[in-house]
>>> print(open('entry10.txt').read())   # compact mmCIF, C-alpha atoms (C1' of nucleotides)
# COMPACT_ATOMS: atom_id res chain seq x y z
CA MET A 1 -79.80 12.33 99.17
CA PRO A 2 -82.35 10.68 96.87
CA ARG A 3 -82.83 7.01 97.40
CA MET A 4 -82.33 4.50 94.67
CA ASN A 5 -84.83 2.27 96.38
CA LEU A 6 -82.93 -0.87 95.70
CA THR A 7 -84.58 -4.22 95.77
CA GLU A 8 -83.12 -7.68 96.12
CA PRO A 9 -83.64 -8.51 92.43
CA ALA A 10 -81.93 -5.26 91.43
CA VAL A 11 -78.97 -6.01 93.67
CA ILE A 12 -78.62 -9.51 92.28
CA ALA A 13 -78.95 -8.33 88.71
CA ALA A 14 -76.20 -5.78 89.31
CA ALA A 15 -74.04 -8.51 90.80
CA ALA A 16 -74.54 -10.74 87.79
CA GLU A 17 -73.68 -7.93 85.39
CA LEU A 18 -70.59 -7.12 87.38
CA ALA A 19 -69.54 -10.77 87.25
CA ASP A 20 -70.04 -10.80 83.48
CA GLU A 21 -67.90 -7.71 83.03
CA ALA A 22 -65.18 -8.21 85.60
CA GLY A 23 -65.20 -11.95 86.14
CA PHE A 24 -66.84 -13.97 88.85
CA GLU A 25 -63.82 -13.74 91.11
CA ALA A 26 -64.26 -9.94 91.21
CA LEU A 27 -67.74 -10.28 92.67
CA SER A 28 -68.00 -8.99 96.22
CA VAL A 29 -70.50 -7.11 98.32
CA SER A 30 -68.21 -4.10 98.16
CA ALA A 31 -67.87 -4.21 94.39
CA VAL A 32 -71.63 -4.41 93.92
CA ALA A 33 -72.11 -1.51 96.32
CA ARG A 34 -69.68 0.61 94.35
CA ARG A 35 -71.50 -0.26 91.16
CA LEU A 36 -74.81 0.83 92.68
CA GLU A 37 -73.24 3.91 94.30
CA VAL A 38 -74.19 3.04 97.85
CA GLN A 39 -72.16 2.00 100.87
CA PRO A 40 -71.49 -1.73 101.28
CA ALA A 41 -73.42 -1.92 104.56
CA SER A 42 -76.54 -0.74 102.72
CA LEU A 43 -76.78 -3.94 100.74
CA TYR A 44 -77.48 -5.98 103.86
CA SER A 45 -80.99 -4.57 103.82
CA HIS A 46 -81.50 -6.60 100.66
CA VAL A 47 -79.30 -9.66 100.91
CA ARG A 48 -78.56 -11.50 104.08
CA ASP A 49 -74.83 -11.91 103.47
CA ARG A 50 -72.29 -12.46 100.72
CA SER A 51 -73.27 -16.07 100.37
CA ALA A 52 -76.87 -15.12 99.77
CA LEU A 53 -75.73 -12.69 97.10
CA LEU A 54 -73.90 -15.49 95.29
CA SER A 55 -76.87 -17.82 95.63
CA GLY A 56 -79.03 -15.10 94.16
CA VAL A 57 -76.79 -14.88 91.12
CA GLN A 58 -76.91 -18.65 90.74
CA ARG A 59 -80.67 -18.61 90.85
CA LEU A 60 -80.86 -15.78 88.33
CA ALA A 61 -78.53 -17.72 86.03
CA LEU A 62 -80.63 -20.87 86.36
CA GLY A 63 -83.73 -18.87 85.53
CA GLU A 64 -82.22 -17.27 82.46
CA LEU A 65 -80.69 -20.51 81.27
CA GLY A 66 -84.02 -22.25 81.73
CA GLY A 67 -85.71 -19.68 79.51
CA ARG A 68 -83.13 -20.16 76.79
CA VAL A 69 -83.29 -23.94 76.96
CA SER A 70 -87.07 -23.85 76.83
CA GLN A 71 -87.03 -21.77 73.67
CA ALA A 72 -84.23 -23.75 72.07
CA VAL A 73 -85.78 -27.18 72.44
CA ALA A 74 -89.34 -26.15 71.63
CA GLY A 75 -90.60 -28.12 68.65
CA ARG A 76 -87.55 -30.32 68.44
CA ALA A 77 -86.97 -33.96 69.28
CA GLY A 78 -84.14 -36.45 69.39
CA SER A 79 -80.75 -35.33 68.11
CA ALA A 80 -82.01 -31.90 67.14
CA ALA A 81 -83.36 -31.29 70.63
CA LEU A 82 -80.13 -32.51 72.20
CA ARG A 83 -78.07 -30.17 70.06
CA ALA A 84 -80.40 -27.30 70.82
CA LEU A 85 -80.17 -28.04 74.55
CA ALA A 86 -76.41 -28.17 74.42
CA ASP A 87 -76.07 -25.03 72.33
CA ALA A 88 -78.40 -23.12 74.66
CA HIS A 89 -76.00 -23.91 77.48
CA ARG A 90 -72.97 -22.94 75.47
CA ASP A 91 -74.46 -19.72 74.17
CA TYR A 92 -75.43 -18.76 77.70
CA ALA A 93 -71.92 -19.40 78.95
CA ILE A 94 -70.56 -17.19 76.18
CA GLN A 95 -73.03 -14.37 76.59
CA ARG A 96 -73.20 -14.34 80.37
CA PRO A 97 -69.80 -15.64 81.42
CA GLY A 98 -70.01 -14.29 84.94
CA ALA A 99 -73.49 -15.53 85.66
CA TRP A 100 -72.64 -18.89 84.12
CA SER A 101 -69.48 -19.12 86.24
CA ALA A 102 -71.63 -18.78 89.34
CA LEU A 103 -73.18 -22.13 88.44
CA GLN A 104 -69.79 -23.83 88.68
CA TYR A 105 -69.64 -23.21 92.39
CA PRO A 106 -71.32 -25.47 94.93
CA ALA A 107 -74.93 -24.44 95.43
CA ASP A 108 -76.84 -24.59 98.69
CA GLU A 109 -79.76 -26.94 99.02
CA HIS A 110 -82.35 -24.21 98.45
CA THR A 111 -80.81 -23.37 95.12
CA VAL A 112 -80.55 -27.03 94.17
CA ALA A 113 -84.24 -27.46 95.06
CA SER A 114 -85.35 -24.22 93.40
CA PRO A 115 -88.08 -24.05 90.76
CA GLU A 116 -85.51 -22.68 88.30
CA ALA A 117 -83.28 -25.73 88.70
CA ALA A 118 -86.28 -28.04 88.49
CA ARG A 119 -87.34 -26.41 85.26
CA ILE A 120 -84.04 -27.16 83.55
CA ALA A 121 -84.21 -30.74 84.83
CA THR A 122 -87.72 -31.10 83.47
CA LEU A 123 -86.71 -29.75 80.08
CA SER A 124 -83.72 -32.10 80.02
CA ILE A 125 -85.93 -35.07 80.81
CA ALA A 126 -88.21 -34.02 77.97
CA VAL A 127 -85.25 -34.10 75.58
CA MET A 128 -84.53 -37.67 76.73
CA ARG A 129 -87.95 -38.71 75.47
CA GLY A 130 -86.58 -38.50 71.95
CA TYR A 131 -84.44 -41.54 72.76
CA ARG A 132 -85.40 -45.08 73.74
CA ILE A 133 -84.36 -44.93 77.36
CA PRO A 134 -86.03 -47.07 80.02
CA PRO A 135 -87.99 -44.84 82.42
CA ASP A 136 -85.88 -45.97 85.37
CA ASP A 137 -82.82 -44.76 83.54
CA ALA A 138 -84.04 -41.30 82.60
CA VAL A 139 -82.39 -39.72 85.62
CA HIS A 140 -79.07 -41.33 84.72
CA ALA A 141 -79.33 -40.07 81.16
CA VAL A 142 -80.14 -36.54 82.30
CA ARG A 143 -77.17 -36.51 84.63
CA LEU A 144 -74.93 -37.76 81.86
CA VAL A 145 -76.06 -34.96 79.57
CA ALA A 146 -75.72 -32.29 82.23
CA ALA A 147 -72.30 -33.60 83.26
CA THR A 148 -70.95 -33.72 79.74
CA ILE A 149 -72.22 -30.31 78.70
CA ASN A 150 -71.18 -28.52 81.84
CA GLY A 151 -67.95 -30.42 82.11
CA PHE A 152 -67.04 -29.42 78.60
CA LEU A 153 -67.88 -25.77 79.11
CA ALA A 154 -65.92 -25.72 82.36
CA LEU A 155 -62.86 -27.19 80.65
CA ASP A 156 -63.22 -24.61 77.93
CA ARG A 157 -63.36 -21.82 80.47
CA GLY A 158 -59.61 -21.32 80.48
CA GLN A 159 -59.77 -20.27 76.87
CA ALA A 160 -61.18 -16.89 76.01
CA PHE A 161 -64.75 -17.50 74.95
CA ALA A 162 -64.72 -14.36 72.87
CA HIS A 163 -62.05 -15.83 70.63
CA ARG A 164 -63.58 -19.00 69.40
CA ASN A 165 -60.95 -21.60 69.04
CA GLU A 166 -61.67 -23.79 66.05
CA SER A 167 -60.30 -26.93 67.61
CA ALA A 168 -62.32 -26.41 70.77
CA HIS A 169 -65.42 -25.95 68.69
CA GLN A 170 -64.72 -29.12 66.77
CA SER A 171 -64.34 -30.90 70.09
CA TRP A 172 -67.67 -29.47 71.17
CA LEU A 173 -69.40 -30.77 68.06
CA ALA A 174 -67.72 -34.15 68.51
CA ALA A 175 -68.80 -34.27 72.16
CA ILE A 176 -72.44 -33.59 71.34
CA ALA A 177 -72.35 -36.17 68.54
CA ALA A 178 -70.84 -38.64 71.03
CA LEU A 179 -73.61 -37.89 73.50
CA ASP A 180 -76.18 -38.50 70.82
CA ARG A 181 -74.67 -41.87 69.98
CA ALA A 182 -74.52 -42.82 73.65
CA LEU A 183 -78.17 -41.95 74.15
CA SER A 184 -79.19 -43.67 70.91
CA THR A 185 -77.52 -46.90 72.02
CA TRP A 186 -78.81 -46.90 75.58
CA PRO A 187 -79.22 -50.47 76.83
CA GLN A 188 -82.83 -51.59 76.92
CA GLY A 189 -82.53 -54.23 79.59
CA SER A 190 -82.63 -53.21 83.24
CA GLY A 191 -79.32 -54.93 83.72
CA LYS A 192 -76.44 -52.50 83.81
CA MET B 1 -37.16 -20.11 118.72
CA PRO B 2 -36.44 -23.15 116.52
CA ARG B 3 -37.29 -22.76 112.88
CA MET B 4 -39.54 -25.18 111.10
CA ASN B 5 -37.54 -24.49 107.98
CA LEU B 6 -40.54 -24.54 105.73
CA THR B 7 -40.25 -25.16 102.03
CA GLU B 8 -42.64 -24.39 99.22
CA PRO B 9 -43.66 -28.05 98.82
CA ALA B 10 -44.34 -28.28 102.55
CA VAL B 11 -46.49 -25.16 102.48
CA ILE B 12 -48.47 -26.41 99.52
CA ALA B 13 -48.93 -29.85 101.04
CA ALA B 14 -50.24 -28.24 104.23
CA ALA B 15 -52.60 -26.14 102.15
CA ALA B 16 -53.94 -29.20 100.34
CA GLU B 17 -54.48 -31.07 103.61
CA LEU B 18 -56.26 -28.08 105.08
CA ALA B 19 -58.49 -27.94 102.02
CA ASP B 20 -59.28 -31.63 102.38
CA GLU B 21 -60.23 -31.22 106.02
CA ALA B 22 -61.94 -27.86 106.05
CA GLY B 23 -63.07 -27.46 102.45
CA PHE B 24 -61.48 -25.57 99.65
CA GLU B 25 -63.32 -22.37 100.52
CA ALA B 26 -61.56 -22.35 103.89
CA LEU B 27 -58.16 -22.20 102.22
CA SER B 28 -56.33 -18.94 102.82
CA VAL B 29 -52.80 -17.78 103.48
CA SER B 30 -53.80 -17.05 107.06
CA ALA B 31 -55.35 -20.47 107.62
CA VAL B 32 -52.27 -22.25 106.29
CA ALA B 33 -50.04 -20.09 108.47
CA ARG B 34 -52.06 -21.02 111.55
CA ARG B 35 -51.81 -24.67 110.62
CA LEU B 36 -48.03 -24.40 110.35
CA GLU B 37 -47.81 -22.24 113.48
CA VAL B 38 -46.12 -19.29 111.84
CA GLN B 39 -47.31 -15.77 111.06
CA PRO B 40 -49.05 -15.25 107.74
CA ALA B 41 -46.37 -12.91 106.46
CA SER B 42 -43.80 -15.70 106.85
CA LEU B 43 -45.36 -17.72 104.05
CA TYR B 44 -44.40 -15.12 101.47
CA SER B 45 -40.85 -16.37 101.71
CA HIS B 46 -42.17 -19.56 100.09
CA VAL B 47 -45.09 -18.61 97.88
CA ARG B 48 -45.38 -15.43 95.92
CA ASP B 49 -48.98 -14.68 96.80
CA ARG B 50 -52.31 -16.33 97.53
CA SER B 51 -52.85 -17.12 93.88
CA ALA B 52 -49.54 -18.95 93.72
CA LEU B 53 -50.57 -20.97 96.75
CA LEU B 54 -53.74 -22.08 94.99
CA SER B 55 -51.85 -22.87 91.81
CA GLY B 56 -49.46 -24.95 93.88
CA VAL B 57 -52.34 -27.00 95.26
CA GLN B 58 -53.69 -27.49 91.75
CA ARG B 59 -50.33 -28.70 90.59
CA LEU B 60 -49.99 -31.06 93.52
CA ALA B 61 -53.43 -32.44 92.80
CA LEU B 62 -52.60 -32.95 89.13
CA GLY B 63 -49.43 -34.77 90.13
CA GLU B 64 -51.18 -37.08 92.57
CA LEU B 65 -54.04 -37.73 90.21
CA GLY B 66 -51.57 -38.52 87.42
CA GLY B 67 -49.90 -41.13 89.62
CA ARG B 68 -53.19 -42.78 90.43
CA VAL B 69 -54.34 -42.78 86.81
CA SER B 70 -51.02 -44.22 85.71
CA GLN B 71 -51.33 -47.11 88.14
CA ALA B 72 -54.99 -47.70 87.43
CA VAL B 73 -54.71 -47.98 83.67
CA ALA B 74 -51.47 -49.94 83.60
CA GLY B 75 -51.97 -53.23 81.80
CA ARG B 76 -55.52 -52.43 80.73
CA ALA B 77 -57.03 -51.50 77.40
CA GLY B 78 -60.38 -50.51 75.93
CA SER B 79 -63.37 -50.50 78.26
CA ALA B 80 -61.38 -51.76 81.22
CA ALA B 81 -58.87 -48.94 80.84
CA LEU B 82 -61.64 -46.38 80.52
CA ARG B 83 -63.32 -47.60 83.69
CA ALA B 84 -60.01 -47.60 85.50
CA LEU B 85 -59.27 -44.06 84.34
CA ALA B 86 -62.70 -42.86 85.45
CA ASP B 87 -62.54 -44.62 88.79
CA ALA B 88 -59.10 -43.20 89.50
CA HIS B 89 -60.58 -39.74 89.11
CA ARG B 90 -63.55 -40.55 91.27
CA ASP B 91 -61.51 -42.17 93.99
CA TYR B 92 -59.21 -39.20 94.07
CA ALA B 93 -62.11 -36.79 94.41
CA ILE B 94 -63.43 -38.86 97.32
CA GLN B 95 -60.11 -39.26 99.11
CA ARG B 96 -58.76 -35.78 98.53
CA PRO B 97 -61.87 -33.61 98.22
CA GLY B 98 -60.07 -30.36 98.91
CA ALA B 99 -57.22 -30.96 96.51
CA TRP B 100 -59.66 -32.18 93.88
CA SER B 101 -61.84 -29.09 94.37
CA ALA B 102 -58.83 -26.94 93.53
CA LEU B 103 -58.95 -28.42 90.04
CA GLN B 104 -62.45 -27.05 89.51
CA TYR B 105 -61.16 -23.50 89.58
CA PRO B 106 -59.67 -21.77 86.56
CA ALA B 107 -55.97 -22.55 86.28
CA ASP B 108 -53.29 -20.18 85.05
CA GLU B 109 -51.44 -20.95 81.85
CA HIS B 110 -48.39 -22.31 83.68
CA THR B 111 -50.50 -24.87 85.43
CA VAL B 112 -52.34 -25.76 82.24
CA ALA B 113 -48.97 -26.25 80.53
CA SER B 114 -47.38 -28.10 83.47
CA PRO B 115 -45.75 -31.52 83.13
CA GLU B 116 -48.32 -32.90 85.58
CA ALA B 117 -51.22 -31.82 83.39
CA ALA B 118 -49.45 -33.12 80.31
CA ARG B 119 -48.99 -36.49 81.99
CA ILE B 120 -52.69 -36.94 82.56
CA ALA B 121 -53.39 -35.90 79.00
CA THR B 122 -50.87 -38.42 77.73
CA LEU B 123 -52.37 -41.19 79.83
CA SER B 124 -55.83 -40.29 78.59
CA ILE B 125 -54.67 -40.41 74.99
CA ALA B 126 -53.21 -43.82 75.67
CA VAL B 127 -56.60 -45.02 76.88
CA MET B 128 -58.12 -43.81 73.61
CA ARG B 129 -55.85 -46.21 71.74
CA GLY B 130 -58.11 -49.01 72.89
CA TYR B 131 -60.81 -47.60 70.60
CA ARG B 132 -60.89 -47.08 66.87
CA ILE B 133 -60.59 -43.33 66.79
CA PRO B 134 -59.02 -41.50 63.86
CA PRO B 135 -55.76 -39.87 64.97
CA ASP B 136 -57.08 -36.39 64.16
CA ASP B 137 -59.96 -37.01 66.54
CA ALA B 138 -57.96 -38.20 69.51
CA VAL B 139 -57.91 -34.75 71.08
CA HIS B 140 -61.68 -34.50 70.73
CA ALA B 141 -62.14 -37.89 72.37
CA VAL B 142 -59.84 -37.00 75.25
CA ARG B 143 -61.69 -33.79 75.87
CA LEU B 144 -65.00 -35.64 75.84
CA VAL B 145 -63.75 -38.10 78.41
CA ALA B 146 -62.26 -35.40 80.63
CA ALA B 147 -65.41 -33.30 80.35
CA THR B 148 -67.73 -36.13 81.19
CA ILE B 149 -65.76 -37.45 84.12
CA ASN B 150 -65.05 -34.09 85.67
CA GLY B 151 -68.48 -32.76 84.86
CA PHE B 152 -70.05 -35.70 86.62
CA LEU B 153 -67.86 -35.41 89.68
CA ALA B 154 -68.53 -31.68 89.86
CA LEU B 155 -72.28 -32.22 89.71
CA ASP B 156 -71.92 -34.82 92.44
CA ARG B 157 -70.00 -32.42 94.63
CA GLY B 158 -73.11 -31.08 96.30
CA GLN B 159 -73.73 -34.47 97.82
CA ALA B 160 -71.58 -35.61 100.67
CA PHE B 161 -69.01 -37.89 99.13
CA ALA B 162 -68.66 -39.74 102.38
CA HIS B 163 -72.23 -40.95 102.10
CA ARG B 164 -72.36 -42.72 98.84
CA ASN B 165 -75.71 -42.25 97.27
CA GLU B 166 -76.81 -45.38 95.46
CA SER B 167 -78.64 -43.53 92.71
CA ALA B 168 -75.67 -41.27 92.08
CA HIS B 169 -73.44 -44.31 91.84
CA GLN B 170 -75.76 -45.94 89.37
CA SER B 171 -75.66 -42.74 87.35
CA TRP B 172 -71.88 -42.86 87.47
CA LEU B 173 -71.79 -46.42 86.15
CA ALA B 174 -74.31 -45.50 83.47
CA ALA B 175 -72.24 -42.49 82.47
CA ILE B 176 -69.05 -44.51 82.06
CA ALA B 177 -70.92 -47.15 80.09
CA ALA B 178 -72.32 -44.38 77.90
CA LEU B 179 -68.83 -43.01 77.36
CA ASP B 180 -67.65 -46.44 76.38
CA ARG B 181 -70.41 -46.79 73.83
CA ALA B 182 -69.72 -43.33 72.43
CA LEU B 183 -66.03 -44.13 72.03
CA SER B 184 -66.77 -47.55 70.55
CA THR B 185 -69.00 -46.03 67.89
CA TRP B 186 -66.76 -43.12 66.93
CA PRO B 187 -67.24 -42.21 63.30
CA GLN B 188 -64.40 -43.38 61.08
CA GLY B 189 -64.68 -40.81 58.34
CA SER B 190 -62.99 -37.44 58.70
CA GLY B 191 -66.25 -35.67 57.97
CA LYS B 192 -67.75 -34.01 61.03
C1' DG C 1 -15.43 -19.13 114.54
C1' DT C 2 -17.32 -15.81 111.00
C1' DA C 3 -20.15 -14.29 107.29
C1' DA C 4 -23.93 -14.83 104.42
C1' DA C 5 -28.37 -16.56 103.41
C1' DA C 6 -32.82 -17.30 104.50
C1' DA C 7 -36.63 -18.24 107.61
C1' DC C 8 -39.50 -15.80 110.39
C1' DC C 9 -41.23 -11.74 112.97
C1' DT C 10 -43.43 -7.10 113.79
C1' DA C 11 -45.72 -3.24 112.06
C1' DA C 12 -48.58 -1.21 109.07
C1' DA C 13 -51.73 -0.16 105.25
C1' DG C 14 -55.56 -1.24 102.62
C1' DC C 15 -59.56 -3.90 101.65
C1' DC C 16 -63.55 -6.95 102.81
C1' DT C 17 -67.49 -8.65 105.70
C1' DG C 18 -70.95 -7.86 108.73
C1' DT C 19 -73.31 -5.76 113.06
C1' DA C 20 -75.36 -2.01 115.58
C1' DG C 21 -77.49 2.20 115.89
C1' DG C 22 -79.14 6.28 113.86
C1' DA C 23 -80.64 9.69 110.15
C1' DG C 24 -83.71 10.86 106.91
C1' DA C 25 -86.33 9.97 102.58
C1' DG C 26 -90.67 8.46 101.07
C1' DG C 27 -95.37 7.21 101.54
C1' DG C 28 -99.79 7.04 103.87
C1' DT C 29 -103.35 9.05 106.71
C1' DG C 30 -106.09 12.50 109.06
C1' DC D 1 -100.55 20.70 105.58
C1' DA D 2 -98.70 18.06 109.62
C1' DC D 3 -97.69 13.89 111.62
C1' DC D 4 -96.38 9.16 111.89
C1' DC D 5 -94.44 4.98 110.34
C1' DT D 6 -91.54 2.20 107.46
C1' DC D 7 -87.52 1.17 105.53
C1' DT D 8 -83.50 2.57 102.81
C1' DC D 9 -79.19 4.08 103.46
C1' DC D 10 -75.45 5.98 106.30
C1' DT D 11 -71.70 6.11 109.87
C1' DA D 12 -68.92 3.80 113.01
C1' DC D 13 -66.69 0.05 114.30
C1' DA D 14 -64.59 -4.55 115.00
C1' DG D 15 -62.43 -8.33 113.23
C1' DG D 16 -60.38 -10.85 109.53
C1' DC D 17 -57.49 -11.28 105.22
C1' DT D 18 -53.64 -9.97 102.00
C1' DT D 19 -49.40 -8.06 101.25
C1' DT D 20 -45.17 -5.07 101.71
C1' DA D 21 -41.25 -3.27 104.15
C1' DG D 22 -37.82 -3.54 107.39
C1' DG D 23 -35.65 -5.95 111.00
C1' DT D 24 -34.28 -10.09 113.95
C1' DT D 25 -32.76 -14.52 114.55
C1' DT D 26 -31.60 -19.05 113.08
C1' DT D 27 -29.30 -21.94 109.89
C1' DT D 28 -25.89 -22.97 106.53
C1' DA D 29 -21.50 -22.82 104.33
C1' DC D 30 -16.72 -22.11 104.50
>>> encode(input="entry10.txt", output="structure tokens")
Amino acid sequence: MPRMNLTEPAVIAAAAELADEAGFEALSVSAVARRLEVQPASLYSHVRDRSALLSGVQRLALGELGGRVSQAVAGRAGSAALRALADAHRDYAIQRPGAWSALQYPADEHTVASPEAARIATLSIAVMRGYRIPPDDAVHAVRLVAATINGFLALDRGQAFAHRNESAHQSWLAAIAALDRALSTWPQGSGK
Amino acid sequence: MPRMNLTEPAVIAAAAELADEAGFEALSVSAVARRLEVQPASLYSHVRDRSALLSGVQRLALGELGGRVSQAVAGRAGSAALRALADAHRDYAIQRPGAWSALQYPADEHTVASPEAARIATLSIAVMRGYRIPPDDAVHAVRLVAATINGFLALDRGQAFAHRNESAHQSWLAAIAALDRALSTWPQGSGK
DNA sequence: GTAAAAACCTAAAGCCTGTAGGAGAGGGTG
DNA sequence: CACCCTCTCCTACAGGCTTTAGGTTTTTAC
């Protein structure tokens, strides 16, 4: 019986692919084991428990998303950077629906504090530099952007991403334009 | 052996309360049955399956939220109505965390098309009337508002709602103010 | 009171999660 | 090559969840 010599990253990658293909709700230790052609109990050599498997997928998603955001915003500023940031998120959700879905579930504190999550935050803060936002308010602006983008994609989740709905896309464009206006008109006084 | 004479609404209400107390992830047919002191199989007289139980909680949450939004925005317009709408959502998420969490999961088409969901949409459209938004754009504006509010609350979910974090609250206020500005500066031409 | 409806139970099957202990594949060393 | 060690993977098992089928008992309606 030759060994596949699984590793944690391989297990998590298989889980993410399974989620993309079958939906996040189909993700289980057993399903991943079947995919890898081993018995479920074998996976506990690589991931502590089911929860750790899900956290692993979240972290992988954050890492991939971070890479895409980094590329998308490179060399851009202001509105163009904001649009690029937003579209990187949207494209990721479309191309990796299962992995993206993992990010909609509550993350543990390690995942929240992970380098991958920090990277996306850093990139988002960099995009804010294209707007006149008081330094003390940068965190608020970043949260607004993250909330709007992710909130929109989550609302859109009920629709089939593969079939782009024209109205939903118009709403997306309108939402990003609205975000841009909101950031462009950020109050300059510290009073809020 | 006296019968409790359960009904579907009673089962769903018990499920929502359980979710509030123990977290949405603790919600199962078995857990609800234990709470109601019956055997799990007994609940299938009242709900078709586990999925129907979850959909029931979503629908209950939409109904309750709709009532709160209706009260909150009554007699208000423009910015005041927007803030009231947003705060109704936030207060609901704080006071009924389990029921609110149910709304973060994909809903089936019946739930999406339910009268309760339609009510919230109608109320949201009414709030948009306080801004100069071309009629064709009203749906885009409503989606923006829903996305931002829910996106923000979802991001905040990792924190313990019971312990209000001052920075998160400032971000919330900043986000609603940003929404207000975005709505107030909505483009008047049909070009987009 | 009787009959029908429905709430609730037991039993069972199938699936999932996770632990414990063991087998054996693979790699390193002498 | 033989031997030893590590670690991947397996089997076995227990406990929990979901759901169906068939039956019992309580409630409702007449």
>>> residues_around(input="entry10.txt", residues="stretch 12-14 of chain D", least_positions_apart="4", cutoff="12 Å", atoms="only C-alpha atoms (C1' of nucleotides)", output="PyMOL selection string")
(chain A and resi 41) or (chain C and resi 17-22)
>>> residues_around(input="entry10.txt", residues="C:DG24", least_positions_apart="2", cutoff="12 Å", atoms="all atoms listed in the file", output="list in words")
Met1, Pro2 and Arg3 of chain A; DG22 and DG26 of chain C; DT6, DC7, DT8, DC9 and DC10 of chain D
>>> closest_atom_pairs(input="entry10.txt", of="stretch 63-144 of chain A", to="stretch 96-119 of chain B", cutoff="12 Å", atoms="all atoms listed in the file", output="CSV")
residue,atom,partner,partner_atom,distance
A:Ser101,CA,B:Tyr105,CA,10.0
A:Ala102,CA,B:Tyr105,CA,11.5
A:Leu103,CA,B:Gln104,CA,11.9
A:Gln104,CA,B:Gln104,CA,8.1
A:Tyr105,CA,B:Gln104,CA,8.6
A:Pro106,CA,B:Ser101,CA,10.2
>>> interface_residues(input="entry10.txt", of="chain A", to="chain D", cutoff="12 Å", atoms="all atoms listed in the file", output="ChimeraX atom specification")
/A:1-7,33,37-46
>>> residues_near_point(input="entry10.txt", point="(-72.7, -35.3, 78.5)", cutoff="8 Å", atoms="all atoms listed in the file", output="list in words")
Arg143, Leu144, Val145, Ala146, Ala147, Thr148, Ile149, Asn150, Gly151, Ala175, Ile176 and Leu179 of chain A; Ala147 and Thr148 of chain B
>>> residues_around(input="entry10.txt", residues="A:Thr122", least_positions_apart="2", cutoff="12 Å", atoms="all atoms listed in the file", output="number ranges by chain")
A: 66, 69-70, 73, 115-120, 124-129, 138-139, 142-143
>>> write_last_selection(input="entry10.txt", atoms="C-alpha atoms", output="PDB file, in the coordinates of the input")
ATOM      1  CA  GLY A  66     -84.020 -22.250  81.730  1.00  0.00           C
ATOM      2  CA  VAL A  69     -83.290 -23.940  76.960  1.00  0.00           C
ATOM      3  CA  SER A  70     -87.070 -23.850  76.830  1.00  0.00           C
ATOM      4  CA  VAL A  73     -85.780 -27.180  72.440  1.00  0.00           C
ATOM      5  CA  PRO A 115     -88.080 -24.050  90.760  1.00  0.00           C
ATOM      6  CA  GLU A 116     -85.510 -22.680  88.300  1.00  0.00           C
ATOM      7  CA  ALA A 117     -83.280 -25.730  88.700  1.00  0.00           C
ATOM      8  CA  ALA A 118     -86.280 -28.040  88.490  1.00  0.00           C
ATOM      9  CA  ARG A 119     -87.340 -26.410  85.260  1.00  0.00           C
ATOM     10  CA  ILE A 120     -84.040 -27.160  83.550  1.00  0.00           C
ATOM     11  CA  SER A 124     -83.720 -32.100  80.020  1.00  0.00           C
ATOM     12  CA  ILE A 125     -85.930 -35.070  80.810  1.00  0.00           C
ATOM     13  CA  ALA A 126     -88.210 -34.020  77.970  1.00  0.00           C
ATOM     14  CA  VAL A 127     -85.250 -34.100  75.580  1.00  0.00           C
ATOM     15  CA  MET A 128     -84.530 -37.670  76.730  1.00  0.00           C
ATOM     16  CA  ARG A 129     -87.950 -38.710  75.470  1.00  0.00           C
ATOM     17  CA  ALA A 138     -84.040 -41.300  82.600  1.00  0.00           C
ATOM     18  CA  VAL A 139     -82.390 -39.720  85.620  1.00  0.00           C
ATOM     19  CA  VAL A 142     -80.140 -36.540  82.300  1.00  0.00           C
ATOM     20  CA  ARG A 143     -77.170 -36.510  84.630  1.00  0.00           C
TER      21      ARG A 143
END
>>> atom_distance(input="entry10.txt", atom1="atom CA of A:Arg181", atom2="atom CA of B:Ala182")
5.7 Å
>>> atom_distance(input="entry10.txt", atom1="atom CA of A:Gln71", atom2="atom CA of A:Val57")
21.4 Å
>>> atom_distance(input="entry10.txt", atom1="atom CA of B:Leu62", atom2="atom CA of B:Arg132")
27.6 Å
>>> residues_around(input="entry10.txt", residues="B:Ala80", least_positions_apart="2", cutoff="12 Å", atoms="only C-alpha atoms (C1' of nucleotides)", output="PyMOL selection string")
chain B and resi 72-78+82-87+127-128+130-131+176-177+180
>>> write_last_selection(input="entry10.txt", atoms="C-alpha atoms", output="tab-separated table (two decimals), keeping the file's coordinate frame")
chain	number	residue	atom	x	y	z
B	72	ALA	CA	-54.99	-47.70	87.43
B	73	VAL	CA	-54.71	-47.98	83.67
B	74	ALA	CA	-51.47	-49.94	83.60
B	75	GLY	CA	-51.97	-53.23	81.80
B	76	ARG	CA	-55.52	-52.43	80.73
B	77	ALA	CA	-57.03	-51.50	77.40
B	78	GLY	CA	-60.38	-50.51	75.93
B	82	LEU	CA	-61.64	-46.38	80.52
B	83	ARG	CA	-63.32	-47.60	83.69
B	84	ALA	CA	-60.01	-47.60	85.50
B	85	LEU	CA	-59.27	-44.06	84.34
B	86	ALA	CA	-62.70	-42.86	85.45
B	87	ASP	CA	-62.54	-44.62	88.79
B	127	VAL	CA	-56.60	-45.02	76.88
B	128	MET	CA	-58.12	-43.81	73.61
B	130	GLY	CA	-58.11	-49.01	72.89
B	131	TYR	CA	-60.81	-47.60	70.60
B	176	ILE	CA	-69.05	-44.51	82.06
B	177	ALA	CA	-70.92	-47.15	80.09
B	180	ASP	CA	-67.65	-46.44	76.38
>>> closest_residue(input="entry10.txt", among="A:Leu27, A:Leu155, A:Ala16, A:Leu65", to="chain B", atoms="only C-alpha atoms")
A:Leu155
